[in-house]
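Heads up: the structure comes next, in structure tokens.
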Amino acid sequence: MSADTNTPSTPKNSGQPGRRFRIEGQTILLLTVLIVLVIFFGSLQNKFLTSRSITSMGFQLPEIGLLTLAMMITILTGGINLSVNATSNLAAVVAGLFLVKVMPPDLAPGAVNLYLVAALAIALIVGIVNGIINGFMIGYIGVPPILATLATMTFFTGISTGLTGGATVTGFPEGLSIVGGKDLFKIPIPFIIFVALTAATYLLLNHTTFGFKTRMLGSNPIASNFSGINNKSITMKVYMFSGLLSSVTGILIMSRTMSAAYEYGTTTYVLLTILIAVLAGVIPGFGSVIDIFFAVLILQVLSTGSTMLLAGIRGSSFFKDFAWGVLLIIIFIINYFIRIRKQQE
Amino acid sequence: MLKKIIRSNEFVIFLILVFLSLAIGLVNPAFFSISTLFDTLRASIVFLIMAYGLLPIIIAGGIDISFVAIAAVTSYATHMFLIGRGYQGSILLYYTIACVLGVLMGLLNGVLVTRFKLQVFDVSLAAFTMWYGFNLFFVGATANYEIPQSAVGYYNQFIIRTRDPFVGETGLHVSILYVIVIGLVIAWLLKYTTIGRGVFAIGGNREVALRSGFNITRITLITFAVMGLLSAVAGVTQAFLSRNFNPVIFITQPLDVLAAIILGGAAITGGSGSILGTTLGVLVIQLINRALILTGIPVEWQRFVVGLILILFTSIPALRAMRARRVGHTTELVEGE
């Protein structure tokens, strides 16, 4: 994760032009891979390009997509947030318990909706508080991000486990399923939320001073400190935003499955978000939200496509893991040759 | 000399270990028994072996998480291959095949890193998902409980036996000897060989290491081969200790091992780290994870307590480092002789 000597853009060509070219190159590469995969699976499996399978992908991908955004912004600052999944579960569990334990039964529909809004607000607050804990440990105490968030990952999961006693929380009012289970003009609502938050993150990172400072902090914390940027406060805000995005994921999962559990996703989910961020070429200081979007699409297409293609074969759902790894290595190698050619020019 | 020991990171971790043991022992005196000690050691064996394999890579400035996948594939694939041919012989063949596979898999990471100038972490992430997927799809998706005839008794081959009033006969498993031998070899490798010096040099400052004439490619490949080798040893050992072969073994634990190493004083950015610190780090994590059950904390709140302890203990070294920075260089000059 550390910016090594082999980071693509050389420090000499002072940032802007070199970086923009790199990002565009990465976007083109990802888009090409995406199109190739869609054509490949579309031609082999006529079920693949039906509205039904596309809609089902639209419901599946926002959860991992939002978690990846939460992961990505911390990687941009040179950190990492291993507690994204634990935060989303904790947000769902606390909001879920509020609905089940605090909300009185037999309420008028209007009052139920009020409680639903309150539950969503509680989930978001949980996400922000978790972010504050991470931000404090990393920014103010100086614990290495990987250690700090590993500790809080266990801690948050521990709270969820303790509160629920290890059981799954269920029995939410019907209205909750709107967020994660319904569609608007045939577009799944989770997908709309994902696109909206991706756009918001894009604006935040690329068109505000906060975004600029975030990338400065990632590319060189000492330089950013000496240019008058408050590294601590930026770190704090980044982890708060990361927690917020995680808690939105928690709401989506809770509303789609109509349940909340401490164990949803676990460690493999966290590693998957890092994998997507790496696929999108995110490194401290550099990385594009648009590339994350395409990388998530690639992973979803590869997963849905290979599972369809291999349906009936023993362990077919595991082939996607193998394919992800191979694809990642192929993209690394292509990137290497692109870099070499650019250097020769 | 004494001051140097007290100020070292290893000493802090050692204090944490002692403090934890005392705290658990105060709540439940049954903790202070030989069987608890042997049990904790037995649980730590494979993690120590994996951590020793990972340490050189971390010191050289890389972060790897694929070692768990290598442990899983080497042990499970070797087993399915041998058991499919009706093998009933000794455990030695298991270790031999798994180690060859492990070295090759480690080298694959190493070649990708050195040939294509990739980040260690990125490659290991790809290898992690690729190898677990490979294991589950191509080799098998269910745990296997068959054990070859001549290796059936291996799980309770103890070097010391003891009787315990609660758990009956128990002992110190013979594989603790591998841990000691491996630990000493890696410590020697790191401290007294050119390769070891090179590992520290690369992690400290890659450019300087290159200019001083270290063969970075060769040293990197060696660290990955060692990692693959020891992962294979850990995978096979774990399978025989627990008497089952699992295709997804350790899948949730790469970060725990990594945390143990960093808790033991290795810098995540490379350039520092020791076998002693790593050993203590692994023991602390194992103690936290296992011995809490003895304190009588309700099961559903145990993970919460583990998290709390981890937050506390990761903050202590960071706070110490912050104080040292604030005090600055003057005290270093006065106290450092």
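For the structure tokens, the naming scheme is as follows: chains receive sequential letters (A, B, ...) according to their order of presentation, residues are indexed from 1 within each chain, and ligands are indexed from 1 in presentation order.
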Find the residues near Leu297 of chain A: any atom within 10 Å, counting only C-alpha atoms, skip ones fewer than 4 places away on the same chain, and give them as a list in words.
-> Leu30, Leu31, Leu34, Met57, Gly58, Leu61, Pro62, Gly65, Ile276, Asp291, Ile292, Phe293, Val301, Leu302 and Ser303 of chain A
Would you mind exporting C-alpha atoms of the selected residues as a compact mmCIF listing (two decimals), in the first residue's frame?
```
# COMPACT_ATOMS: atom_id res chain seq x y z
CA LEU A 30 -11.18 -1.11 -17.52
CA LEU A 31 -13.89 -0.17 -20.02
CA LEU A 34 -15.78 -4.73 -19.25
CA MET A 57 -26.96 -7.45 -10.97
CA GLY A 58 -28.29 -3.96 -10.26
CA LEU A 61 -23.61 -4.61 -6.95
CA PRO A 62 -24.44 -1.44 -4.95
CA GLY A 65 -19.73 -0.90 -4.59
CA ILE A 276 -11.71 -3.82 -6.41
CA ASP A 291 -12.56 3.60 -12.26
CA ILE A 292 -14.02 2.16 -9.06
CA PHE A 293 -17.42 2.19 -10.72
CA VAL A 301 -20.22 -9.29 -14.64
CA LEU A 302 -17.45 -11.84 -14.16
CA SER A 303 -19.22 -13.28 -11.12
```
Could you list, as a PyMOL selection string, the residues of chain A having an atom within 7 Å of chain B when counting only C-alpha atoms?
-> chain A and resi 1-2+6+141-143+147-148+151-152+154-155+158-159+161-162+165-166+267-268+275+278+315-316+318-319+321-326+328-329+333+336
Please produce an output containing N, CA and C atoms for each residue in the selection, written as a short mmCIF file (atom, residue, chain, number, x, y, z; two decimals), in the first residue's frame.
```cif
data_model
loop_
_atom_site.label_atom_id
_atom_site.label_comp_id
_atom_site.auth_asym_id
_atom_site.auth_seq_id
_atom_site.Cartn_x
_atom_site.Cartn_y
_atom_site.Cartn_z
N MET A 1 0.81 -1.20 0.00
CA MET A 1 0.00 0.00 0.00
C MET A 1 0.84 1.26 0.00
N SER A 2 2.08 1.11 0.40
CA SER A 2 2.92 2.29 0.44
C SER A 2 3.28 2.70 -0.98
N ASN A 6 7.87 2.47 -7.74
CA ASN A 6 7.27 2.14 -9.02
C ASN A 6 5.86 2.68 -9.20
N ILE A 141 -3.85 9.62 17.58
CA ILE A 141 -2.93 8.81 18.39
C ILE A 141 -1.78 8.30 17.53
N GLY A 142 -2.03 8.12 16.23
CA GLY A 142 -0.95 7.69 15.35
C GLY A 142 -0.79 6.19 15.24
N VAL A 143 -1.87 5.43 15.49
CA VAL A 143 -1.82 3.98 15.30
C VAL A 143 -1.81 3.71 13.79
N LEU A 147 -3.59 -1.61 11.69
CA LEU A 147 -3.77 -2.13 13.05
C LEU A 147 -5.00 -1.53 13.70
N ALA A 148 -5.15 -0.21 13.57
CA ALA A 148 -6.26 0.48 14.23
C ALA A 148 -7.59 -0.08 13.73
N ALA A 151 -8.34 -3.61 14.81
CA ALA A 151 -8.85 -3.62 16.19
C ALA A 151 -10.30 -3.17 16.23
N THR A 152 -10.62 -2.08 15.53
CA THR A 152 -12.01 -1.61 15.58
C THR A 152 -12.94 -2.58 14.84
N THR A 154 -12.78 -5.81 14.98
CA THR A 154 -13.15 -6.78 16.01
C THR A 154 -14.09 -6.14 17.02
N PHE A 155 -13.78 -4.90 17.40
CA PHE A 155 -14.56 -4.19 18.41
C PHE A 155 -16.02 -3.98 17.95
N GLY A 158 -17.79 -7.09 17.72
CA GLY A 158 -18.06 -7.51 19.09
C GLY A 158 -19.30 -6.85 19.65
N ILE A 159 -19.49 -5.56 19.37
CA ILE A 159 -20.70 -4.88 19.85
C ILE A 159 -21.93 -5.50 19.20
N THR A 161 -22.27 -8.51 18.02
CA THR A 161 -22.47 -9.85 18.57
C THR A 161 -23.11 -9.75 19.94
N GLY A 162 -22.56 -8.85 20.77
CA GLY A 162 -23.07 -8.71 22.14
C GLY A 162 -24.52 -8.26 22.16
N GLY A 165 -26.67 -11.04 20.78
CA GLY A 165 -26.45 -12.35 21.35
C GLY A 165 -26.11 -13.38 20.27
N GLY A 166 -25.63 -12.90 19.14
CA GLY A 166 -25.25 -13.81 18.05
C GLY A 166 -26.40 -14.18 17.14
N THR A 267 -14.68 -11.25 6.80
CA THR A 267 -13.39 -10.75 6.30
C THR A 267 -13.29 -10.78 4.78
N THR A 268 -13.87 -11.80 4.15
CA THR A 268 -13.71 -11.93 2.70
C THR A 268 -14.32 -10.73 1.98
N LEU A 275 -9.62 -5.55 -3.18
CA LEU A 275 -9.33 -6.09 -4.51
C LEU A 275 -9.89 -5.18 -5.60
N VAL A 278 -7.82 -2.05 -5.84
CA VAL A 278 -6.55 -2.32 -6.51
C VAL A 278 -6.77 -2.48 -8.01
N GLY A 315 -19.29 -26.89 -7.29
CA GLY A 315 -18.48 -25.77 -6.83
C GLY A 315 -18.39 -24.62 -7.82
N SER A 316 -19.39 -24.50 -8.72
CA SER A 316 -19.29 -23.50 -9.79
C SER A 316 -19.20 -22.07 -9.26
N PHE A 318 -17.49 -21.00 -6.98
CA PHE A 318 -16.15 -20.63 -6.52
C PHE A 318 -15.23 -20.26 -7.66
N PHE A 319 -15.67 -20.57 -8.90
CA PHE A 319 -14.79 -20.28 -10.03
C PHE A 319 -14.51 -18.79 -10.14
N ASP A 321 -13.89 -16.58 -7.90
CA ASP A 321 -12.75 -16.16 -7.09
C ASP A 321 -11.44 -16.38 -7.85
N PHE A 322 -11.35 -17.58 -8.46
CA PHE A 322 -10.18 -17.91 -9.26
C PHE A 322 -10.05 -16.93 -10.42
N ALA A 323 -11.18 -16.67 -11.11
CA ALA A 323 -11.16 -15.79 -12.27
C ALA A 323 -10.77 -14.36 -11.88
N TRP A 324 -11.28 -13.89 -10.74
CA TRP A 324 -10.92 -12.54 -10.27
C TRP A 324 -9.41 -12.40 -10.11
N GLY A 325 -8.82 -13.42 -9.46
CA GLY A 325 -7.38 -13.37 -9.23
C GLY A 325 -6.60 -13.34 -10.53
N VAL A 326 -6.99 -14.22 -11.47
CA VAL A 326 -6.29 -14.28 -12.75
C VAL A 326 -6.45 -12.95 -13.50
N LEU A 328 -7.00 -10.02 -12.30
CA LEU A 328 -6.23 -8.98 -11.63
C LEU A 328 -4.77 -9.03 -12.09
N ILE A 329 -4.21 -10.24 -12.12
CA ILE A 329 -2.81 -10.38 -12.53
C ILE A 329 -2.63 -9.95 -13.99
N ILE A 333 -0.25 -6.88 -15.43
CA ILE A 333 0.80 -7.05 -16.44
C ILE A 333 0.57 -6.11 -17.63
N TYR A 336 1.69 -2.79 -16.69
CA TYR A 336 3.15 -2.70 -16.70
C TYR A 336 3.65 -2.35 -18.09
#
```
Identify, with DSSP run on backbone atoms, the residues in segment 35-176 of chain A assigned to alpha helix (DSSP H), and express the list as a ChimeraX atom specification.
-> /A:35-44,51-76,84-97,109-135,145-164
With C-alpha atoms kept, could you save the residues just selected as a compact mmCIF listing (two decimals), in the first residue's frame?
```txt
# COMPACT_ATOMS: atom_id res chain seq x y z
CA ILE A 35 -16.97 -4.69 -22.88
CA VAL A 36 -14.96 -7.81 -23.74
CA LEU A 37 -16.45 -9.66 -20.76
CA VAL A 38 -20.02 -8.58 -21.57
CA ILE A 39 -19.63 -9.67 -25.22
CA PHE A 40 -18.00 -12.94 -24.13
CA PHE A 41 -20.71 -13.93 -21.66
CA GLY A 42 -23.50 -12.43 -23.78
CA SER A 43 -22.56 -14.56 -26.79
CA LEU A 44 -22.08 -17.77 -24.79
CA SER A 51 -33.45 -7.56 -18.32
CA ARG A 52 -33.92 -10.04 -15.49
CA SER A 53 -30.25 -10.80 -15.05
CA ILE A 54 -29.28 -7.15 -15.48
CA THR A 55 -31.80 -6.12 -12.80
CA SER A 56 -30.49 -8.77 -10.44
CA MET A 57 -26.96 -7.45 -10.97
CA GLY A 58 -28.29 -3.96 -10.26
CA PHE A 59 -29.49 -5.16 -6.88
CA GLN A 60 -26.31 -7.06 -6.00
CA LEU A 61 -23.61 -4.61 -6.95
CA PRO A 62 -24.44 -1.44 -4.95
CA GLU A 63 -23.60 -3.07 -1.60
CA ILE A 64 -20.06 -4.06 -2.50
CA GLY A 65 -19.73 -0.90 -4.59
CA LEU A 66 -20.47 1.43 -1.69
CA LEU A 67 -18.22 -0.53 0.64
CA THR A 68 -15.46 -0.16 -1.96
CA LEU A 69 -15.96 3.62 -2.05
CA ALA A 70 -15.66 3.62 1.73
CA MET A 71 -12.44 1.65 1.41
CA MET A 72 -11.12 3.71 -1.49
CA ILE A 73 -11.15 7.13 0.15
CA THR A 74 -9.08 5.80 3.05
CA ILE A 75 -6.56 4.22 0.66
CA LEU A 76 -6.32 7.62 -1.07
CA VAL A 84 -16.02 -1.08 6.68
CA ASN A 85 -17.99 -4.31 6.80
CA ALA A 86 -18.10 -4.39 10.61
CA THR A 87 -19.41 -0.81 10.57
CA SER A 88 -22.14 -1.61 8.07
CA ASN A 89 -23.24 -4.60 10.15
CA LEU A 90 -23.21 -2.61 13.39
CA ALA A 91 -25.25 0.20 11.80
CA ALA A 92 -27.81 -2.34 10.59
CA VAL A 93 -27.93 -4.14 13.94
CA VAL A 94 -28.42 -0.96 16.00
CA ALA A 95 -31.06 0.40 13.62
CA GLY A 96 -32.72 -3.01 13.50
CA LEU A 97 -32.85 -3.35 17.29
CA PRO A 109 -48.72 3.90 9.19
CA GLY A 110 -47.60 7.53 9.42
CA ALA A 111 -45.94 6.97 12.78
CA VAL A 112 -44.25 3.81 11.50
CA ASN A 113 -42.68 5.82 8.69
CA LEU A 114 -41.41 8.33 11.23
CA TYR A 115 -39.74 5.51 13.16
CA LEU A 116 -38.27 4.18 9.92
CA VAL A 117 -36.68 7.54 9.16
CA ALA A 118 -35.35 7.67 12.72
CA ALA A 119 -33.88 4.16 12.31
CA LEU A 120 -32.10 5.19 9.12
CA ALA A 121 -30.75 8.29 10.87
CA ILE A 122 -29.52 6.12 13.75
CA ALA A 123 -27.72 3.83 11.29
CA LEU A 124 -25.98 6.82 9.69
CA ILE A 125 -24.99 8.20 13.11
CA VAL A 126 -23.50 4.82 14.06
CA GLY A 127 -21.43 4.95 10.87
CA ILE A 128 -20.15 8.44 11.64
CA VAL A 129 -19.33 7.58 15.27
CA ASN A 130 -17.39 4.52 14.11
CA GLY A 131 -15.54 6.79 11.70
CA ILE A 132 -14.69 9.17 14.54
CA ILE A 133 -13.20 6.31 16.58
CA ASN A 134 -11.07 5.22 13.59
CA GLY A 135 -10.10 8.79 12.75
CA PRO A 145 -4.32 2.35 9.97
CA ILE A 146 -4.16 -1.39 9.32
CA LEU A 147 -3.77 -2.13 13.05
CA ALA A 148 -6.26 0.48 14.23
CA THR A 149 -9.02 -0.64 11.88
CA LEU A 150 -8.32 -4.31 12.49
CA ALA A 151 -8.85 -3.62 16.19
CA THR A 152 -12.01 -1.61 15.58
CA MET A 153 -13.24 -4.27 13.14
CA THR A 154 -13.15 -6.78 16.01
CA PHE A 155 -14.56 -4.19 18.41
CA PHE A 156 -17.54 -3.20 16.21
CA THR A 157 -18.30 -6.82 15.35
CA GLY A 158 -18.06 -7.51 19.09
CA ILE A 159 -20.70 -4.88 19.85
CA SER A 160 -23.00 -6.34 17.19
CA THR A 161 -22.47 -9.85 18.57
CA GLY A 162 -23.07 -8.71 22.14
CA LEU A 163 -26.20 -6.69 21.35
CA THR A 164 -27.81 -9.46 19.31
```
Determine, counting only C-alpha atoms, which protein, DNA and RNA residues have an atom within 6 Å of an atom of segment 237-246 of chain B; residues of the same chain fewer than 6 positions away are not included. Present the result as a PDB file with C-alpha atoms, in the first residue's frame.
```pdb
ATOM      1  CA  TYR B  76      -5.386 -29.684   0.767  1.00  0.00           C
ATOM      2  CA  ALA B 143     -13.339 -30.831   4.324  1.00  0.00           C
ATOM      3  CA  ASN B 144     -11.777 -34.298   4.320  1.00  0.00           C
ATOM      4  CA  TYR B 145     -11.299 -36.328   7.496  1.00  0.00           C
ATOM      5  CA  TYR B 155      -1.784 -35.324  16.546  1.00  0.00           C
TER       6      TYR B 155
END
```
Atom pair atom CA of Val199 of chain B / atom CA of Asn9 of chain B: separation (Å) = 20.1 Å
Interatomic distance between atom CA of Asn230 of chain A and atom CA of Tyr202 of chain A?
-> 21.8 Å
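The residues of segment 40-274 of chain A that DSSP assigns to strand (DSSP E or B) on this backbone come out as Val169, Thr170, Asp183, Leu184, Ile187, Pro188, Ser259 and Ala260 of chain A.
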Those selected residues, please, written with C-alpha atoms and delivered as a short mmCIF file (atom, residue, chain, number, x, y, z; two decimals), in the first residue's frame.
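Written file, result.cif:
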```cif
data_model
loop_
_atom_site.label_atom_id
_atom_site.label_comp_id
_atom_site.auth_asym_id
_atom_site.auth_seq_id
_atom_site.Cartn_x
_atom_site.Cartn_y
_atom_site.Cartn_z
CA VAL A 169 -32.53 -9.50 14.04
CA THR A 170 -35.75 -9.77 12.02
CA ASP A 183 -37.22 -0.19 -8.24
CA LEU A 184 -37.99 3.18 -9.79
CA ILE A 187 -34.03 0.83 -12.14
CA PRO A 188 -33.31 -0.77 -8.75
CA SER A 259 -32.71 -8.73 8.62
CA ALA A 260 -29.58 -7.60 10.41
#
```
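Among B:Gly273, B:Val73, B:Gly204, B:Leu20, the residue with the shortest atom-to-atom distance to Ile186 of chain B, counting only C-alpha atoms, is B:Gly273.
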Give me the residues within 10 Å of Ile178 of chain A as a list of chain:residue names, counting only C-alpha atoms and dropping any in the same chain fewer than 2 places off.
->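 The residues satisfying every condition are A:Glu174, A:Gly175, A:Leu176, A:Gly180, A:Gly181, A:Lys182, A:Asp183, A:Pro188, A:Ile189, A:Pro190, A:Leu252, A:Ser255, A:Arg256.
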Go through B:Asn109, B:Thr279, B:Gln149, B:Gln286 one by one, measure the shortest atom-to-atom distance of each to Val226 of chain B using only C-alpha atoms, and give the residue with the smallest value.
-> B:Asn109
